[in-house]
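Here's start-v4.cif, which has mmCIF, C-alpha atoms and all ligand atoms:
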```cif
data_start
#
loop_
_atom_site.label_atom_id
_atom_site.label_comp_id
_atom_site.auth_asym_id
_atom_site.auth_seq_id
_atom_site.Cartn_x
_atom_site.Cartn_y
_atom_site.Cartn_z
CA MET A 1 -10.42 18.20 87.98
CA GLU A 2 -9.13 16.95 84.65
CA LYS A 3 -8.80 13.18 84.40
CA LYS A 4 -5.11 13.46 83.60
CA LEU A 5 -4.46 15.60 86.64
CA LEU A 6 -6.24 13.13 88.91
CA GLU A 7 -4.24 10.26 87.40
CA GLN A 8 -1.05 12.21 88.03
CA ARG A 9 -1.93 12.89 91.68
CA LEU A 10 -2.93 9.27 92.34
CA LYS A 11 0.23 8.04 90.63
CA LYS A 12 2.30 10.27 92.88
CA ILE A 13 0.59 9.05 96.05
CA PHE A 14 0.72 5.36 95.11
CA GLU A 15 4.36 5.67 94.04
CA TYR A 16 5.17 6.43 97.66
CA ALA A 17 2.52 4.07 99.06
CA LYS A 18 3.27 1.02 96.91
CA ASP A 19 2.12 -1.70 99.25
CA VAL A 20 -1.45 -0.69 99.87
CA ASP A 21 -4.54 -1.96 98.05
CA ALA A 22 -6.47 1.24 98.68
CA LEU A 23 -6.42 4.43 100.70
CA LEU A 24 -9.22 5.28 103.07
CA ILE A 25 -9.45 9.02 103.67
CA MET A 26 -11.78 9.92 106.52
CA GLN A 27 -13.47 13.26 107.09
CA GLY A 28 -14.85 14.00 110.53
CA ASP A 29 -16.23 17.31 111.72
CA GLU A 30 -14.54 20.67 111.23
CA ASN A 31 -11.83 19.71 113.71
CA SER A 32 -10.74 16.69 111.72
CA VAL A 33 -10.79 17.73 108.11
CA ASP A 34 -8.24 15.97 105.95
CA LYS A 35 -7.37 18.29 103.06
CA THR A 36 -6.21 15.22 101.15
CA PHE A 37 -9.92 14.67 100.51
CA PHE A 38 -9.94 17.89 98.47
CA TYR A 39 -6.55 17.21 96.89
CA ILE A 40 -8.00 14.04 95.36
CA THR A 41 -11.56 15.13 94.56
CA ASP A 42 -11.26 18.91 94.00
CA PRO A 43 -15.00 19.60 94.28
CA ASP A 44 -16.11 23.13 93.43
CA GLY A 45 -17.58 23.67 96.92
CA GLY A 46 -18.85 21.72 99.90
CA ILE A 47 -17.53 20.98 103.37
CA PHE A 48 -17.84 17.17 103.30
CA GLU A 49 -18.09 16.55 107.04
CA SER A 50 -18.58 12.88 107.97
CA SER A 51 -17.54 11.68 104.55
CA ALA A 52 -14.91 9.29 103.28
CA LEU A 53 -12.93 8.43 100.18
CA ILE A 54 -11.91 5.01 99.02
CA VAL A 55 -9.05 5.50 96.63
CA LYS A 56 -7.56 2.84 94.40
CA PRO A 57 -4.87 3.55 91.83
CA ASP A 58 -7.51 3.77 89.09
CA ASN A 59 -10.74 4.63 90.90
CA VAL A 60 -12.05 7.04 93.52
CA LYS A 61 -15.30 6.56 95.44
CA ILE A 62 -16.78 9.42 97.41
CA LEU A 63 -18.93 8.37 100.37
CA THR A 64 -20.93 11.36 101.50
CA SER A 65 -24.34 12.54 102.68
CA GLN A 66 -27.19 13.89 100.57
CA LEU A 67 -26.10 17.36 101.67
CA GLU A 68 -23.07 17.17 99.39
CA GLU A 69 -24.46 14.81 96.73
CA GLU A 70 -24.83 17.34 93.94
CA ILE A 71 -21.38 18.84 94.34
CA ALA A 72 -19.84 15.38 94.76
CA LYS A 73 -21.41 14.15 91.52
CA ARG A 74 -20.09 17.15 89.61
CA THR A 75 -16.56 15.81 90.18
CA GLY A 76 -17.42 12.93 87.80
CA MET A 77 -16.24 10.42 90.42
CA ASP A 78 -18.29 7.53 91.80
CA VAL A 79 -20.53 8.75 94.60
CA ILE A 80 -22.20 6.66 97.30
CA VAL A 81 -24.82 8.62 99.22
CA THR A 82 -24.87 7.63 102.89
CA LYS A 83 -27.62 8.19 105.47
CA GLY A 84 -25.95 8.97 108.78
CA MET A 85 -22.87 7.66 110.53
CA ALA A 86 -24.04 4.05 110.87
CA ASP A 87 -24.65 3.87 107.13
CA LEU A 88 -21.27 5.49 106.37
CA LYS A 89 -19.57 2.79 108.43
CA LYS A 90 -21.63 0.08 106.70
CA GLN A 91 -20.58 1.42 103.30
CA ILE A 92 -16.94 1.50 104.35
CA VAL A 93 -17.19 -2.18 105.33
CA GLU A 94 -18.91 -3.06 102.01
CA ASN A 95 -16.46 -1.16 99.86
CA LEU A 96 -13.34 -2.47 101.54
CA LYS A 97 -14.39 -6.10 100.97
CA GLY A 98 -11.68 -8.08 99.21
CA LEU A 99 -9.00 -5.51 100.04
CA ASN A 100 -6.36 -6.40 102.60
CA THR A 101 -3.92 -3.57 103.12
CA ILE A 102 -5.47 -0.16 103.66
CA GLY A 103 -3.54 3.08 103.77
CA LEU A 104 -4.66 5.61 106.36
CA ASN A 105 -3.51 9.18 106.88
CA TYR A 106 -2.58 8.97 110.56
CA THR A 107 -1.80 12.69 110.63
CA SER A 108 -5.44 13.61 110.19
CA LEU A 109 -7.27 10.58 111.58
CA THR A 110 -8.80 10.99 115.02
CA LEU A 111 -8.35 8.32 117.64
CA GLU A 112 -12.11 7.78 117.60
CA GLN A 113 -12.10 7.14 113.84
CA TYR A 114 -9.17 4.76 114.20
CA ARG A 115 -10.80 2.78 116.99
CA ASP A 116 -14.01 2.55 114.98
CA LEU A 117 -12.09 1.17 112.02
CA LEU A 118 -10.37 -1.46 114.18
CA ARG A 119 -13.84 -2.55 115.29
CA ILE A 120 -15.73 -2.48 111.97
CA VAL A 121 -13.01 -3.89 109.68
CA PRO A 122 -10.85 -5.94 112.09
CA ASP A 123 -9.47 -8.13 109.32
CA LYS A 124 -7.56 -5.33 107.57
CA GLU A 125 -3.94 -4.39 107.84
CA PHE A 126 -3.62 -0.63 108.24
CA VAL A 127 -0.58 1.22 106.99
CA ASN A 128 0.28 4.81 107.81
CA ILE A 129 0.58 6.57 104.45
CA SER A 130 0.79 10.10 105.84
CA SER A 131 4.35 10.59 104.61
CA SER A 132 3.31 9.48 101.09
CA ILE A 133 0.60 12.09 101.09
CA GLU A 134 2.96 14.69 102.48
CA GLU A 135 5.59 13.90 99.84
CA SER A 136 3.04 14.06 97.10
CA ARG A 137 1.40 17.29 98.27
CA ARG A 138 4.65 19.15 98.84
CA LEU A 139 5.45 18.95 95.09
CA LYS A 140 2.88 21.18 93.43
CA ASP A 141 1.45 20.37 90.00
CA THR A 142 0.61 22.98 87.36
CA GLU A 143 -2.94 23.50 88.53
CA GLU A 144 -1.82 23.97 92.13
CA LEU A 145 0.91 26.40 91.08
CA ASN A 146 -1.58 28.42 89.05
CA ARG A 147 -3.93 28.70 92.02
CA ILE A 148 -1.16 29.70 94.42
CA ARG A 149 0.11 32.24 91.87
CA GLU A 150 -3.38 33.72 91.70
CA ALA A 151 -3.65 33.79 95.51
CA ALA A 152 -0.30 35.62 95.64
CA LYS A 153 -1.38 38.04 92.91
CA ILE A 154 -4.58 38.86 94.78
CA ALA A 155 -2.60 39.52 97.96
CA SER A 156 -0.07 41.68 96.12
CA GLU A 157 -2.76 43.82 94.49
CA ALA A 158 -4.92 44.03 97.60
CA ILE A 159 -2.26 45.76 99.69
CA GLN A 160 -1.83 48.39 96.99
CA ASN A 161 -5.53 49.19 97.37
CA VAL A 162 -5.26 49.23 101.15
CA ILE A 163 -2.23 51.53 101.46
CA PRO A 164 -4.13 54.73 100.50
CA ARG A 165 -6.77 53.85 103.10
CA ILE A 166 -4.37 53.75 106.05
CA LYS A 167 -5.26 56.76 108.22
CA GLU A 168 -4.19 58.14 111.59
CA GLY A 169 -6.48 56.97 114.40
CA MET A 170 -7.79 53.87 112.66
CA THR A 171 -7.61 50.65 114.69
CA GLU A 172 -5.72 47.48 113.91
CA THR A 173 -8.99 45.57 113.41
CA GLU A 174 -10.29 48.23 111.04
CA LEU A 175 -7.19 47.89 108.91
CA ALA A 176 -7.40 44.07 109.06
CA SER A 177 -11.00 44.17 107.83
CA GLU A 178 -9.98 46.51 104.99
CA MET A 179 -7.33 43.99 103.98
CA VAL A 180 -9.81 41.11 103.93
CA TYR A 181 -12.35 43.20 102.00
CA GLN A 182 -9.84 44.12 99.30
CA MET A 183 -8.69 40.51 98.89
CA MET A 184 -12.25 39.27 98.49
CA ARG A 185 -13.05 42.05 96.00
CA LEU A 186 -10.13 40.79 93.93
CA GLY A 187 -11.37 37.20 93.88
CA ALA A 188 -10.26 35.53 97.12
CA SER A 189 -12.85 33.15 98.58
CA GLU A 190 -11.65 34.15 102.06
CA PRO A 191 -8.47 35.15 103.88
CA SER A 192 -6.10 32.17 104.11
CA PHE A 193 -5.72 32.80 107.88
CA SER A 194 -6.73 35.47 110.40
CA THR A 195 -5.09 38.69 109.25
CA ILE A 196 -2.45 40.09 111.59
CA VAL A 197 -2.21 43.86 111.85
CA ALA A 198 0.16 45.21 114.51
CA PHE A 199 0.83 48.90 115.15
CA GLY A 200 3.93 50.28 116.87
CA LYS A 201 5.33 48.17 119.69
CA ASN A 202 2.78 45.42 119.01
CA ALA A 203 4.81 44.45 115.94
CA SER A 204 7.38 42.77 118.21
CA MET A 205 5.00 39.78 118.56
CA PRO A 206 5.07 37.61 115.40
CA HIS A 207 1.62 36.10 116.04
CA TYR A 208 -0.07 39.17 117.48
CA SER A 209 -3.88 39.39 117.18
CA PRO A 210 -5.18 42.78 116.04
CA GLY A 211 -7.06 44.82 118.62
CA ASN A 212 -8.23 48.35 119.32
CA ALA A 213 -4.84 50.08 119.23
CA LYS A 214 -5.11 53.30 117.21
CA LEU A 215 -2.58 54.22 114.57
CA LYS A 216 -0.32 57.13 115.43
CA ARG A 217 2.62 58.91 113.80
CA GLY A 218 5.88 57.03 113.95
CA ASP A 219 4.24 53.59 114.35
CA PHE A 220 5.33 50.51 112.51
CA VAL A 221 2.41 49.07 110.54
CA LEU A 222 2.90 45.34 110.17
CA ILE A 223 0.35 43.46 108.05
CA ASP A 224 0.62 39.67 107.72
CA TYR A 225 -2.15 38.40 105.51
CA GLY A 226 -3.02 36.05 102.69
CA ALA A 227 -5.71 35.15 100.21
CA ARG A 228 -7.31 31.79 99.62
CA TYR A 229 -8.12 31.11 96.00
CA LYS A 230 -9.80 27.83 94.97
CA ARG A 231 -8.58 26.32 98.26
CA TYR A 232 -4.93 27.42 97.85
CA CYS A 233 -3.20 30.00 100.01
CA SER A 234 -0.81 32.88 99.83
CA ASP A 235 0.97 34.30 102.88
CA VAL A 236 2.55 37.75 102.69
CA THR A 237 3.83 40.30 105.21
CA ARG A 238 4.62 43.94 104.69
CA THR A 239 5.85 46.34 107.34
CA MET A 240 5.62 50.10 106.81
CA VAL A 241 6.11 53.16 108.97
CA PHE A 242 3.29 55.64 109.47
CA GLY A 243 5.11 58.93 108.94
CA LYS A 244 8.84 59.38 108.68
CA ALA A 245 10.93 56.42 109.79
CA THR A 246 13.62 56.96 112.42
CA GLU A 247 17.18 55.82 111.69
CA GLU A 248 16.63 52.83 113.99
CA GLN A 249 13.45 51.81 112.16
CA LYS A 250 15.24 52.11 108.83
CA ASP A 251 18.18 50.08 110.11
CA VAL A 252 15.93 47.26 111.36
CA TYR A 253 13.98 47.31 108.10
CA ASN A 254 17.00 47.24 105.84
CA THR A 255 18.61 44.42 107.83
CA VAL A 256 15.47 42.30 107.38
CA LEU A 257 15.35 43.17 103.69
CA ALA A 258 19.01 42.17 103.25
CA ALA A 259 18.32 38.89 105.09
CA GLN A 260 15.40 38.17 102.77
CA LYS A 261 17.56 38.85 99.70
CA ALA A 262 20.21 36.48 101.06
CA GLY A 263 17.49 33.85 101.52
CA PHE A 264 16.14 34.31 97.97
CA SER A 265 19.58 34.01 96.44
CA LYS A 266 20.27 30.70 98.19
CA ILE A 267 17.13 28.99 96.89
CA LYS A 268 17.38 26.43 94.11
CA GLU A 269 16.65 22.75 93.69
CA ASN A 270 18.58 20.38 95.98
CA VAL A 271 19.69 23.01 98.49
CA ASN A 272 18.84 21.95 102.04
CA GLY A 273 16.09 23.92 103.75
CA LYS A 274 18.34 24.64 106.72
CA ASP A 275 20.97 26.25 104.49
CA VAL A 276 18.44 28.73 103.10
CA ASP A 277 17.48 29.56 106.67
CA LEU A 278 21.13 29.98 107.59
CA ALA A 279 21.87 32.35 104.70
CA ALA A 280 19.20 34.77 105.93
CA ARG A 281 19.84 34.21 109.64
CA THR A 282 23.53 34.99 109.24
CA VAL A 283 22.71 38.48 107.93
CA ILE A 284 20.71 39.23 111.07
CA ASP A 285 23.09 37.50 113.46
CA GLU A 286 26.03 39.47 112.10
CA SER A 287 24.17 42.72 112.74
CA LYS A 288 23.45 44.35 116.08
CA TYR A 289 20.10 42.51 116.03
CA LYS A 290 21.73 39.13 116.68
CA GLY A 291 19.25 36.72 118.24
CA ARG A 292 16.20 38.85 117.40
CA PHE A 293 15.12 36.62 114.50
CA ILE A 294 13.05 34.27 116.61
CA HIS A 295 11.35 31.93 114.15
CA SER A 296 12.13 29.88 111.05
CA LEU A 297 12.79 31.59 107.74
CA GLY A 298 9.86 29.98 105.97
CA HIS A 299 7.34 27.23 105.50
CA GLY A 300 5.60 25.51 102.63
CA VAL A 301 2.34 26.94 101.33
CA GLY A 302 -0.43 24.96 99.69
CA MET A 303 -3.94 24.12 100.80
CA ASP A 304 -2.53 24.60 104.29
CA VAL A 305 -0.98 27.95 105.01
CA HIS A 306 1.70 26.08 106.97
CA ASP A 307 2.41 23.28 104.55
CA HIS A 308 5.59 21.30 103.86
CA PRO A 309 8.58 21.74 103.52
CA ALA A 310 10.38 24.32 105.68
CA PHE A 311 13.29 26.70 105.71
CA SER A 312 14.32 26.09 109.29
CA PRO A 313 17.49 25.15 111.18
CA ASN A 314 16.10 21.61 111.59
CA PHE A 315 15.08 20.95 108.00
CA ASP A 316 18.00 18.92 106.73
CA ILE A 317 16.30 17.82 103.50
CA PRO A 318 16.88 19.08 99.95
CA ILE A 319 14.14 21.22 98.47
CA LYS A 320 12.78 20.33 95.04
CA GLU A 321 11.50 22.17 92.00
CA ASN A 322 7.83 23.21 92.30
CA MET A 323 7.72 23.34 96.05
CA VAL A 324 6.18 26.61 97.22
CA VAL A 325 7.73 28.18 100.30
CA THR A 326 7.63 31.50 102.17
CA VAL A 327 10.73 33.57 102.85
CA GLU A 328 9.95 35.64 105.93
CA PRO A 329 12.81 36.92 108.04
CA GLY A 330 11.98 39.24 110.91
CA ILE A 331 13.54 41.22 113.73
CA TYR A 332 11.49 41.55 116.92
CA ILE A 333 12.41 43.94 119.73
CA PRO A 334 10.08 44.08 122.75
CA ASP A 335 8.97 47.64 123.60
CA PHE A 336 10.21 48.88 120.25
CA GLY A 337 8.36 46.88 117.60
CA GLY A 338 9.32 44.58 114.80
CA VAL A 339 9.71 44.15 111.10
CA ARG A 340 8.85 41.10 109.01
CA ILE A 341 8.96 40.92 105.24
CA GLU A 342 7.34 37.82 103.80
CA ASP A 343 7.02 36.61 100.24
CA ASP A 344 6.06 33.38 98.53
CA VAL A 345 8.38 31.65 96.10
CA ILE A 346 8.28 28.68 93.76
CA VAL A 347 11.49 26.65 93.88
CA LYS A 348 13.11 26.29 90.45
CA LYS A 349 16.03 24.22 89.19
CA ASP A 350 18.37 27.21 89.23
CA GLY A 351 16.72 29.68 91.55
CA CYS A 352 13.26 30.73 92.55
CA GLU A 353 10.26 32.61 91.20
CA ILE A 354 8.97 35.22 93.63
CA ILE A 355 5.21 35.18 93.12
CA SER A 356 4.15 37.87 95.60
CA THR A 357 5.06 41.19 94.07
CA ALA A 358 3.99 44.01 96.42
CA PRO A 359 6.81 46.58 96.79
CA ARG A 360 9.50 45.48 99.19
CA ASP A 361 11.37 48.72 99.94
CA LEU A 362 10.36 50.60 103.07
CA ILE A 363 7.17 52.62 102.59
CA GLU A 364 6.74 55.72 104.77
CA LEU A 365 3.04 56.46 104.78
N1 LIG B 1 0.97 34.10 108.89
C1 LIG B 1 1.78 33.35 109.72
C2 LIG B 1 3.06 33.11 109.09
O1 LIG B 1 3.57 33.97 108.42
O2 LIG B 1 3.61 32.05 109.14
MN MN B 2 2.45 35.27 107.23
MN MN B 3 4.26 32.59 106.84
#
```
Just give me the structure as structure tokens.
Ligand code: GLY
Ligand code: MN
Ligand code: MN
Amino acid sequence: MEKKLLEQRLKKIFEYAKDVDALLIMQGDENSVDKTFFYITDPDGGIFESSALIVKPDNVKILTSQLEEEIAKRTGMDVIVTKGMADLKKQIVENLKGLNTIGLNYTSLTLEQYRDLLRIVPDKEFVNISSSIEESRRLKDTEELNRIREAAKIASEAIQNVIPRIKEGMTETELASEMVYQMMRLGASEPSFSTIVAFGKNASMPHYSPGNAKLKRGDFVLIDYGARYKRYCSDVTRTMVFGKATEEQKDVYNTVLAAQKAGFSKIKENVNGKDVDLAARTVIDESKYKGRFIHSLGHGVGMDVHDHPAFSPNFDIPIKENMVVTVEPGIYIPDFGGVRIEDDVIVKKDGCEIISTAPRDLIEL
């Protein structure tokens, strides 16, 4: 990461976390990864289990094992190579000497890590800086926006390559694997989450897991997928009909599309997240599908596919320029199916930039 970019990120975090002498970011195993570690260090690889960061406003120290030494050093930051957990703890004690108030990210810290810290550095005052990190990470900088744009571009192109490969009799998992393959061919490091493919009635379940259902004429084909590019995600959904759509399918589809348009047109800096949700929800609730939009309109996208902020009835906070959020209304009807259309947008002063560009009108395959 460029020095200037790092300075900018640290400035943002410490602006919100003024009273701390340093941040201590802990990495456990794969169940307790704190993506803030990558936000600050941006290594070009590595997993960094059982590692830590000691972050001061003008200096970052990476404490990690020999396994990650080479990648860690390529960041240009100070690296302390540790030999096992006991040594990591010893180095944390050493490197926190002389510092009193330590910021911890309570959102990602495990209870075990916290109890260890209370034992090994009992003299410190710990402050929860998770909201500072959240605030900082929800406003994307240029590099982050470029990566998310690329992730969205990969997703948008990948579905165009997949559409001609959708064939009668193929299974949901076959189509999901095709989707992942096309995204990786186009430069994704991996899918940003497990691809959802739902045929026919299965599309009524927003978080359906693809199975062995075979595609048949008249089915909805719902694909919810995303690419990860240099750690940043996209999250897109397209719903098509295999064959000619019935009037009911078209009506559901066009209602969702109109709801999405209403959502897009409400977005600009300083609008409350809940009001964007309401604009889209009203379109559905004033149709005969009232009550069938059963989730929030959208969520932030970043290194996490479900990042901050949100377009939801409870999000009573103004959105800001350079936040990246999904707009994903849906109508779900058990025993019939469902439609979701999902795109990713960057919030602008006077509107939004839609960065996922796959066609949005109903496709009859
Ligand atoms: N892929 C899950 C979601 O759209 O939020
Ligand atoms: Mn999605
Ligand atoms: Mn989503």
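Of the residues under consideration (A:Gln8, A:Thr64, A:Ser204, A:Thr75), A:Ser204 shows the shortest atom-to-atom contact distance to A:Arg292 when counting all atoms listed in the file.
Across the model, the gap from atom CA of A:Ile13 to atom CA of A:Lys97 is 21.9 Å.
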Inset, instruction - Extract, using all atoms listed in the file, all DNA, RNA and protein residues at most 6 Å from stretch 265-270 of chain A, discarding same-chain residues fewer than 4 positions from it, and format them as a PyMOL selection string. - result: chain A and resi 276+318-321+347-351
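Between ligand LIG 1 (chain B) and the candidates A:Gly298, A:Gly45, A:Pro313, A:Gly187, the tightest atom-to-atom separation, counting only C-alpha atoms and all ligand atoms, involves A:Gly298.
Remark: for ligand MN 2 (chain B), the closest of the candidate residues A:Asn146, A:Asn105, A:Ser50, A:Thr237 is A:Thr237 (distances computed over only C-alpha atoms and all ligand atoms).
In this model, the gap between atom CA of A:Ser32 and atom CA of A:Ala52 comes to 12.0 Å.
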Inset, instruction - Give me the residues within 9 Å of A:Glu168 as a ChimeraX atom specification, counting all atoms listed in the file and dropping any in the same chain fewer than 4 places off. - result: /A:214-217,242
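Relative to atom CA of A:Asp275, atom CA of A:Val339 is found at 22.2 Å.
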